[in-house]
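Written below as structure tokens is the structure these notes are about.
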Number of protein chains: 2
Amino acid sequence: MIEDKNQQRTQLSDLGEFGLIDHLTKNFKVKQSSTVKSIGDDAAVLDFKNNKIVVSTDLLVEGVHFDLSYMPLKHLGYKAVVVNLSDVYAMNASATQVTVSIAVSNRFPLEALEELYAGIETAAKIYNVDVVGGDTTSSTTGLLISVTAIGEVVNDEVYRSGAKPNDLLVVTGDLGAAYMGLQVLEREKEVYKVNPNNQPDLEPYTYIVERQLKPEARKDIVKLLKDLEVKPTSMIDVSDGLSSEILHICRQSNVGCDLYENKIPLDPQVISTCEEFNIDSTTVALNGGEDYELLFTISQEDFPKIKANPNLTVIGYMREKEAGVHLVTRAETKIELQAQGWKNFNA
Amino acid sequence: MIEDKNQQRTQLSDLGEFGLIDHLTKNFKVKQSSTVKSIGDDAAVLDFKNNKIVVSTDLLVEGVHFDLSYMPLKHLGYKAVVVNLSDVYAMNASATQVTVSIAVSNRFPLEALEELYAGIETAAKIYNVDVVGGDTTSSTTGLLISVTAIGEVVNDEVYRSGAKPNDLLVVTGDLGAAYMGLQVLEREKEVYKVNPNNQPDLEPYTYIVERQLKPEARKDIVKLLKDLEVKPTSMIDVSDGLSSEILHICRQSNVGCDLYENKIPLDPQVISTCEEFNIDSTTVALNGGEDYELLFTISQEDFPKIKANPNLTVIGYMREKEAGVHLVTRAETKIELQAQGWKNFNA
């Protein structure tokens, strides 16, 4: 939150659209053999031979999905790519290419966009995907990023619609951290407004702040499931909150579900921060969102293959549709699950 | 420009994101055999078997690329799809799928988005492409549309980089009409501001206004070239203006070009409107943009195959790089071509 007033600023209008794209993408290297032609023509050309491909797209809007007062642009570029790759992995596919378009107002100097693209490039490198296209345009206000991710179906694709009664519900990693990280960042922003000289101490919140600012997609899980010879019956990524995602699987698979509150994986930092903020940690895990973990169902006979893995937690049990979708609380009462993750249009 | 004050308005917040996507896309039908899974999962699944695919993406921003005071939302949806398909055709490919994402502020009621999607659906139907995904989110101001188009390489793909000295430069249709249509609409908007009761008479401008509000992409040309057994050596679509596109081909192909002013195809309505506005029609053709015609180069031996076709006009001649890129005027003087098409960042 400290600004260097002497930093160099290059106006975007000095470059023009094509100069800008060339400048921002000149270090991008082609890594995927399926990339025949990358940035620089009317379209990218990809060649997947005999395989199915998957395509996913997301928009990130300033003031809705991110706040630049605490989100560094490099992290934002990284996150914009990662959240799209997460959708590709949720199909049990391997991510191969992305296109990245941005609309940006004149208040951003070139150096800001370089930061953004450095984050995009870092994500592309770490996740081994090629940036094969995009559009760069001005906006009347703020920054908007649109990413389309493309992937290749390596084994069989997995939809949201294949869950069966008696399947087990499994989630990777832990939940609620990104949301609590956001609460901490929002609080520090308010403190900063009152006293700009106050340096925030984020040390006790390292994990949850990183989960908010630099989320990772579970590329490793697609490989793990293959190695374990487990094919999920359904899968989705946790972007809008566990509750919303379970309801998607249940609706599209025509099944019900019992989710066990005491099984929901929480990091100790989430629990302590929830206590500090006086928020119920289950509510946070259910509705916080932005976890980018994978939620999937497996047949019970696959349970022995996954039970020893520390990345995977069985959190529920799929039922007949008529049984409904419920949270089974620690007190063993049942509460109907409701989606509350996505409220942007109420903003 | 006449508003019905009694129209029904449904707030977007009543639906939520998922309800909104379901509502807007419920009539979309899958037409392409390569579409395995369309809207409704983390990603679409496509299967092109042994073929190459092309991917292109564009952003349209309110206040930059369109003005809703004269652009009906249905036309906007249509145009957003068409301008992306144009990029796919410019690769000599067949368009098969699109994803459409929108960011929209609360000032748009549901009925407005229905209009927008009706235009998207109409374009998808006419051009025989499937809408296979997208994202719908709120924005703090205005409307933004991001479209990614996917296509299949049917014959060989054509890049911007294959033009050779002595090739002929060919353009489809005519140029400058969309720009002059915009000038007429801008003028009528100013008149309307002064006198809202004044009904504009757009009758003398039907063609040029339609070229601005409802452009078409040259799907027919990809088929025509195949039927004529002509493979262009390079190709690009005319979105930013003829001048800018010629410079792209010359730069990426390492060639020069002589463009003949007296060969540039202009519709009579463009000529008469240019006279009325006291604008030079060649300047309009060179720098106006939004024509969505195809510009390509062919080997001279292919000339007999195209010379009788009324859709195709030879407008120039490719030269060695050292000869430069010039407009040869009617007075037979040579002027160096400069790109002036894209000035959004100066706005």
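Identifiers for the structure tokens are assigned positionally: chains receive A, B, ... in sequence, residues are indexed from 1 per chain, and ligands are indexed from 1 in the order shown.
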
Exercise for review: Just the helix (DSSP H, G or I) stuff from region 55-264 of chain A, please, per backbone DSSP, written as a ChimeraX atom specification.
Suggested key: /A:73-89,110-126,177-194,203-213,219-227,242-253,261-263

Exercise for review: Please report, as a PyMOL selection string, each residue of region 23-269 of chain B to which DSSP assigns strand (DSSP E) when run on this structure's backbone.
Suggested key: chain B and resi 35-37+44-47+52-61+94-104+130-133+136-138+143-152+168-172+234-237+255-260

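Of the listed residues (A:Met318, A:Ala123, A:Ala285, A:Ala103), A:Ala103 comes nearest to chain B; the distances count only C-alpha atoms.
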
Can I get the residues of chain B within 8 Å of chain A, each with the closest pair of atoms and their distance in Å to one decimal, using only C-alpha atoms, sorted chain first then ascending number, as JSON lines?
{"residue": "B:Leu12", "atom": "CA", "partner": "A:Phe345", "partner_atom": "CA", "distance": 6.4}
{"residue": "B:Ser13", "atom": "CA", "partner": "A:Phe345", "partner_atom": "CA", "distance": 4.8}
{"residue": "B:Gly16", "atom": "CA", "partner": "A:Phe345", "partner_atom": "CA", "distance": 6.7}
{"residue": "B:Glu17", "atom": "CA", "partner": "A:Trp342", "partner_atom": "CA", "distance": 7.0}
{"residue": "B:Asp41", "atom": "CA", "partner": "A:Arg160", "partner_atom": "CA", "distance": 6.2}
{"residue": "B:Asp42", "atom": "CA", "partner": "A:Asp87", "partner_atom": "CA", "distance": 5.0}
{"residue": "B:Ala43", "atom": "CA", "partner": "A:Ser56", "partner_atom": "CA", "distance": 4.4}
{"residue": "B:Ala44", "atom": "CA", "partner": "A:Val55", "partner_atom": "CA", "distance": 5.1}
{"residue": "B:Val45", "atom": "CA", "partner": "A:Val54", "partner_atom": "CA", "distance": 4.3}
{"residue": "B:Leu46", "atom": "CA", "partner": "A:Ile53", "partner_atom": "CA", "distance": 5.1}
{"residue": "B:Asp47", "atom": "CA", "partner": "A:Lys52", "partner_atom": "CA", "distance": 4.3}
{"residue": "B:Phe48", "atom": "CA", "partner": "A:Lys52", "partner_atom": "CA", "distance": 6.8}
{"residue": "B:Lys49", "atom": "CA", "partner": "A:Asn50", "partner_atom": "CA", "distance": 4.6}
{"residue": "B:Asn50", "atom": "CA", "partner": "A:Lys49", "partner_atom": "CA", "distance": 4.6}
{"residue": "B:Asn51", "atom": "CA", "partner": "A:Lys49", "partner_atom": "CA", "distance": 6.2}
{"residue": "B:Lys52", "atom": "CA", "partner": "A:Asp47", "partner_atom": "CA", "distance": 4.3}
{"residue": "B:Ile53", "atom": "CA", "partner": "A:Leu46", "partner_atom": "CA", "distance": 5.1}
{"residue": "B:Val54", "atom": "CA", "partner": "A:Val45", "partner_atom": "CA", "distance": 4.3}
{"residue": "B:Val55", "atom": "CA", "partner": "A:Ala44", "partner_atom": "CA", "distance": 5.1}
{"residue": "B:Ser56", "atom": "CA", "partner": "A:Ala43", "partner_atom": "CA", "distance": 4.4}
{"residue": "B:Thr57", "atom": "CA", "partner": "A:Gly134", "partner_atom": "CA", "distance": 5.8}
{"residue": "B:Asp58", "atom": "CA", "partner": "A:Asp135", "partner_atom": "CA", "distance": 5.5}
{"residue": "B:Leu59", "atom": "CA", "partner": "A:Asp135", "partner_atom": "CA", "distance": 6.4}
{"residue": "B:Val61", "atom": "CA", "partner": "A:Ser139", "partner_atom": "CA", "distance": 6.4}
{"residue": "B:Glu62", "atom": "CA", "partner": "A:Thr140", "partner_atom": "CA", "distance": 7.9}
{"residue": "B:Gly63", "atom": "CA", "partner": "A:Thr140", "partner_atom": "CA", "distance": 6.6}
{"residue": "B:Val64", "atom": "CA", "partner": "A:Ser139", "partner_atom": "CA", "distance": 6.7}
{"residue": "B:Asp87", "atom": "CA", "partner": "A:Asp42", "partner_atom": "CA", "distance": 5.0}
{"residue": "B:Val88", "atom": "CA", "partner": "A:Ala43", "partner_atom": "CA", "distance": 6.3}
{"residue": "B:Ala90", "atom": "CA", "partner": "A:Asp42", "partner_atom": "CA", "distance": 6.5}
{"residue": "B:Met91", "atom": "CA", "partner": "A:Asp42", "partner_atom": "CA", "distance": 6.6}
{"residue": "B:Thr99", "atom": "CA", "partner": "A:Thr57", "partner_atom": "CA", "distance": 7.3}
{"residue": "B:Ser101", "atom": "CA", "partner": "A:Leu59", "partner_atom": "CA", "distance": 6.9}
{"residue": "B:Ile102", "atom": "CA", "partner": "A:Leu59", "partner_atom": "CA", "distance": 7.8}
{"residue": "B:Ala103", "atom": "CA", "partner": "A:Leu59", "partner_atom": "CA", "distance": 7.5}
{"residue": "B:Asn106", "atom": "CA", "partner": "A:Phe345", "partner_atom": "CA", "distance": 7.0}
{"residue": "B:Gly133", "atom": "CA", "partner": "A:Ser56", "partner_atom": "CA", "distance": 6.8}
{"residue": "B:Gly134", "atom": "CA", "partner": "A:Thr57", "partner_atom": "CA", "distance": 5.8}
{"residue": "B:Asp135", "atom": "CA", "partner": "A:Asp58", "partner_atom": "CA", "distance": 5.5}
{"residue": "B:Thr136", "atom": "CA", "partner": "A:Leu59", "partner_atom": "CA", "distance": 7.8}
{"residue": "B:Thr137", "atom": "CA", "partner": "A:Asn344", "partner_atom": "CA", "distance": 7.1}
{"residue": "B:Ser138", "atom": "CA", "partner": "A:Phe345", "partner_atom": "CA", "distance": 5.8}
{"residue": "B:Ser139", "atom": "CA", "partner": "A:Val61", "partner_atom": "CA", "distance": 6.4}
{"residue": "B:Thr140", "atom": "CA", "partner": "A:Gly63", "partner_atom": "CA", "distance": 6.6}
{"residue": "B:Thr141", "atom": "CA", "partner": "A:Thr141", "partner_atom": "CA", "distance": 7.4}
{"residue": "B:Ser146", "atom": "CA", "partner": "A:Ser146", "partner_atom": "CA", "distance": 6.9}
{"residue": "B:Thr148", "atom": "CA", "partner": "A:Thr148", "partner_atom": "CA", "distance": 7.4}
{"residue": "B:Tyr159", "atom": "CA", "partner": "A:Asp41", "partner_atom": "CA", "distance": 6.5}
{"residue": "B:Arg160", "atom": "CA", "partner": "A:Asp41", "partner_atom": "CA", "distance": 6.2}
{"residue": "B:Ile236", "atom": "CA", "partner": "A:Asp42", "partner_atom": "CA", "distance": 6.6}
{"residue": "B:Asp237", "atom": "CA", "partner": "A:Asp42", "partner_atom": "CA", "distance": 7.6}
{"residue": "B:Trp342", "atom": "CA", "partner": "A:Glu17", "partner_atom": "CA", "distance": 7.0}
{"residue": "B:Lys343", "atom": "CA", "partner": "A:Gly16", "partner_atom": "CA", "distance": 7.0}
{"residue": "B:Asn344", "atom": "CA", "partner": "A:Ser138", "partner_atom": "CA", "distance": 6.1}
{"residue": "B:Phe345", "atom": "CA", "partner": "A:Ser13", "partner_atom": "CA", "distance": 4.8}
{"residue": "B:Asn346", "atom": "CA", "partner": "A:Ser13", "partner_atom": "CA", "distance": 5.3}

Point to revise | For Thr282 (chain B), the nearest of the candidates B:Leu242, B:Val255, B:Leu202, B:Val314, counting only C-alpha atoms | key: B:Leu242

Review point. Using only C-alpha atoms, which of the listed residues (B:Thr25, B:Thr172, B:Ser272, B:Gln212) sits closest to Glu186 (chain B)?
Key: B:Gln212

**Study point:** Of the listed residues B:Glu229, B:Met71, B:Glu114, B:Asp280, that which approaches Val209 (chain B) most closely, counting only C-alpha atoms
**Key:**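 That would be B:Met71, the residue with the smallest distance to Val209 (chain B).
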
Check your understanding: Which residues, written as number ranges by chain, have at least one atom at most 9 Å from Pro165 (chain B), with only C-alpha atoms counted and residues fewer than 3 positions away on the same chain left out?
Key -> B: 168, 255-257, 317-321

Store the residues picked out above in a file with N, CA, C and O atoms, as a tab-separated table (two decimals), in the first residue's frame.
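Listed below is the output, again-v7.tsv:
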chain	number	residue	atom	x	y	z
B	168	LEU	N	-0.79	-10.79	-56.09
B	168	LEU	CA	-1.84	-9.77	-56.22
B	168	LEU	C	-2.55	-9.60	-54.89
B	168	LEU	O	-2.76	-10.57	-54.15
B	255	VAL	N	7.33	-8.08	-47.08
B	255	VAL	CA	7.19	-7.61	-48.46
B	255	VAL	C	6.75	-6.15	-48.47
B	255	VAL	O	6.40	-5.59	-47.43
B	256	GLY	N	6.79	-5.54	-49.64
B	256	GLY	CA	6.24	-4.22	-49.85
B	256	GLY	C	4.93	-4.34	-50.62
B	256	GLY	O	4.49	-5.44	-50.96
B	257	CYS	N	4.31	-3.18	-50.92
B	257	CYS	CA	3.03	-3.24	-51.64
B	257	CYS	C	2.74	-1.91	-52.33
B	257	CYS	O	3.04	-0.85	-51.80
B	317	TYR	N	-0.58	-4.81	-55.62
B	317	TYR	CA	0.48	-5.65	-56.17
B	317	TYR	C	1.59	-5.68	-55.11
B	317	TYR	O	2.02	-4.63	-54.63
B	318	MET	N	2.01	-6.88	-54.73
B	318	MET	CA	3.01	-7.00	-53.66
B	318	MET	C	4.41	-6.85	-54.27
B	318	MET	O	4.67	-7.34	-55.37
B	319	ARG	N	5.29	-6.19	-53.54
B	319	ARG	CA	6.62	-5.90	-54.05
B	319	ARG	C	7.68	-6.38	-53.05
B	319	ARG	O	7.36	-6.87	-51.99
B	320	GLU	N	8.93	-6.21	-53.44
B	320	GLU	CA	10.01	-6.50	-52.50
B	320	GLU	C	9.87	-5.56	-51.29
B	320	GLU	O	9.39	-4.44	-51.42
B	321	LYS	N	10.37	-6.00	-50.15
B	321	LYS	CA	10.25	-5.21	-48.93
B	321	LYS	C	10.85	-3.80	-49.11
B	321	LYS	O	10.28	-2.81	-48.65

Review point. CA of Glu290 (chain B) and CA of Gly176 (chain B), how far apart in Å?
Key: 8.2 Å

Point to revise | Å distance separating CA of Val170 (chain B) from CA of Glu322 (chain B), one decimal place | key: 21.4 Å

Point to revise | Polymer residues at most 8 Å from Leu113 (chain A), only C-alpha atoms, same-chain spacing of 5 or more positions, as a ChimeraX atom specification | key: /A:24,73,108

Write the residues of the selection above to a file with all heavy atoms, as a PDB file, in the first residue's frame.
ATOM      1  N   LEU A  24       3.904  -6.503 -24.573  1.00  0.00           N
ATOM      2  CA  LEU A  24       3.537  -7.270 -23.383  1.00  0.00           C
ATOM      3  C   LEU A  24       3.766  -8.762 -23.547  1.00  0.00           C
ATOM      4  O   LEU A  24       3.962  -9.477 -22.573  1.00  0.00           O
ATOM      5  CB  LEU A  24       2.060  -7.015 -23.029  1.00  0.00           C
ATOM      6  CG  LEU A  24       1.702  -5.586 -22.594  1.00  0.00           C
ATOM      7  CD1 LEU A  24       0.195  -5.460 -22.451  1.00  0.00           C
ATOM      8  CD2 LEU A  24       2.396  -5.221 -21.287  1.00  0.00           C
ATOM      9  N   LEU A  73      -0.811  -6.122  -9.073  1.00  0.00           N
ATOM     10  CA  LEU A  73      -1.183  -6.478 -10.446  1.00  0.00           C
ATOM     11  C   LEU A  73      -0.563  -7.796 -10.898  1.00  0.00           C
ATOM     12  O   LEU A  73      -1.170  -8.546 -11.657  1.00  0.00           O
ATOM     13  CB  LEU A  73      -0.781  -5.344 -11.400  1.00  0.00           C
ATOM     14  CG  LEU A  73      -1.760  -4.175 -11.385  1.00  0.00           C
ATOM     15  CD1 LEU A  73      -1.105  -2.921 -11.936  1.00  0.00           C
ATOM     16  CD2 LEU A  73      -3.009  -4.514 -12.183  1.00  0.00           C
ATOM     17  N   PHE A 108      -4.008   3.536 -16.110  1.00  0.00           N
ATOM     18  CA  PHE A 108      -2.943   2.560 -15.955  1.00  0.00           C
ATOM     19  C   PHE A 108      -1.787   2.893 -16.895  1.00  0.00           C
ATOM     20  O   PHE A 108      -1.984   2.950 -18.102  1.00  0.00           O
ATOM     21  CB  PHE A 108      -3.443   1.156 -16.293  1.00  0.00           C
ATOM     22  CG  PHE A 108      -4.435   0.628 -15.310  1.00  0.00           C
ATOM     23  CD1 PHE A 108      -5.793   0.860 -15.480  1.00  0.00           C
ATOM     24  CD2 PHE A 108      -4.011  -0.073 -14.196  1.00  0.00           C
ATOM     25  CE1 PHE A 108      -6.706   0.394 -14.564  1.00  0.00           C
ATOM     26  CE2 PHE A 108      -4.925  -0.541 -13.276  1.00  0.00           C
ATOM     27  CZ  PHE A 108      -6.278  -0.317 -13.458  1.00  0.00           C
TER      28      PHE A 108
END
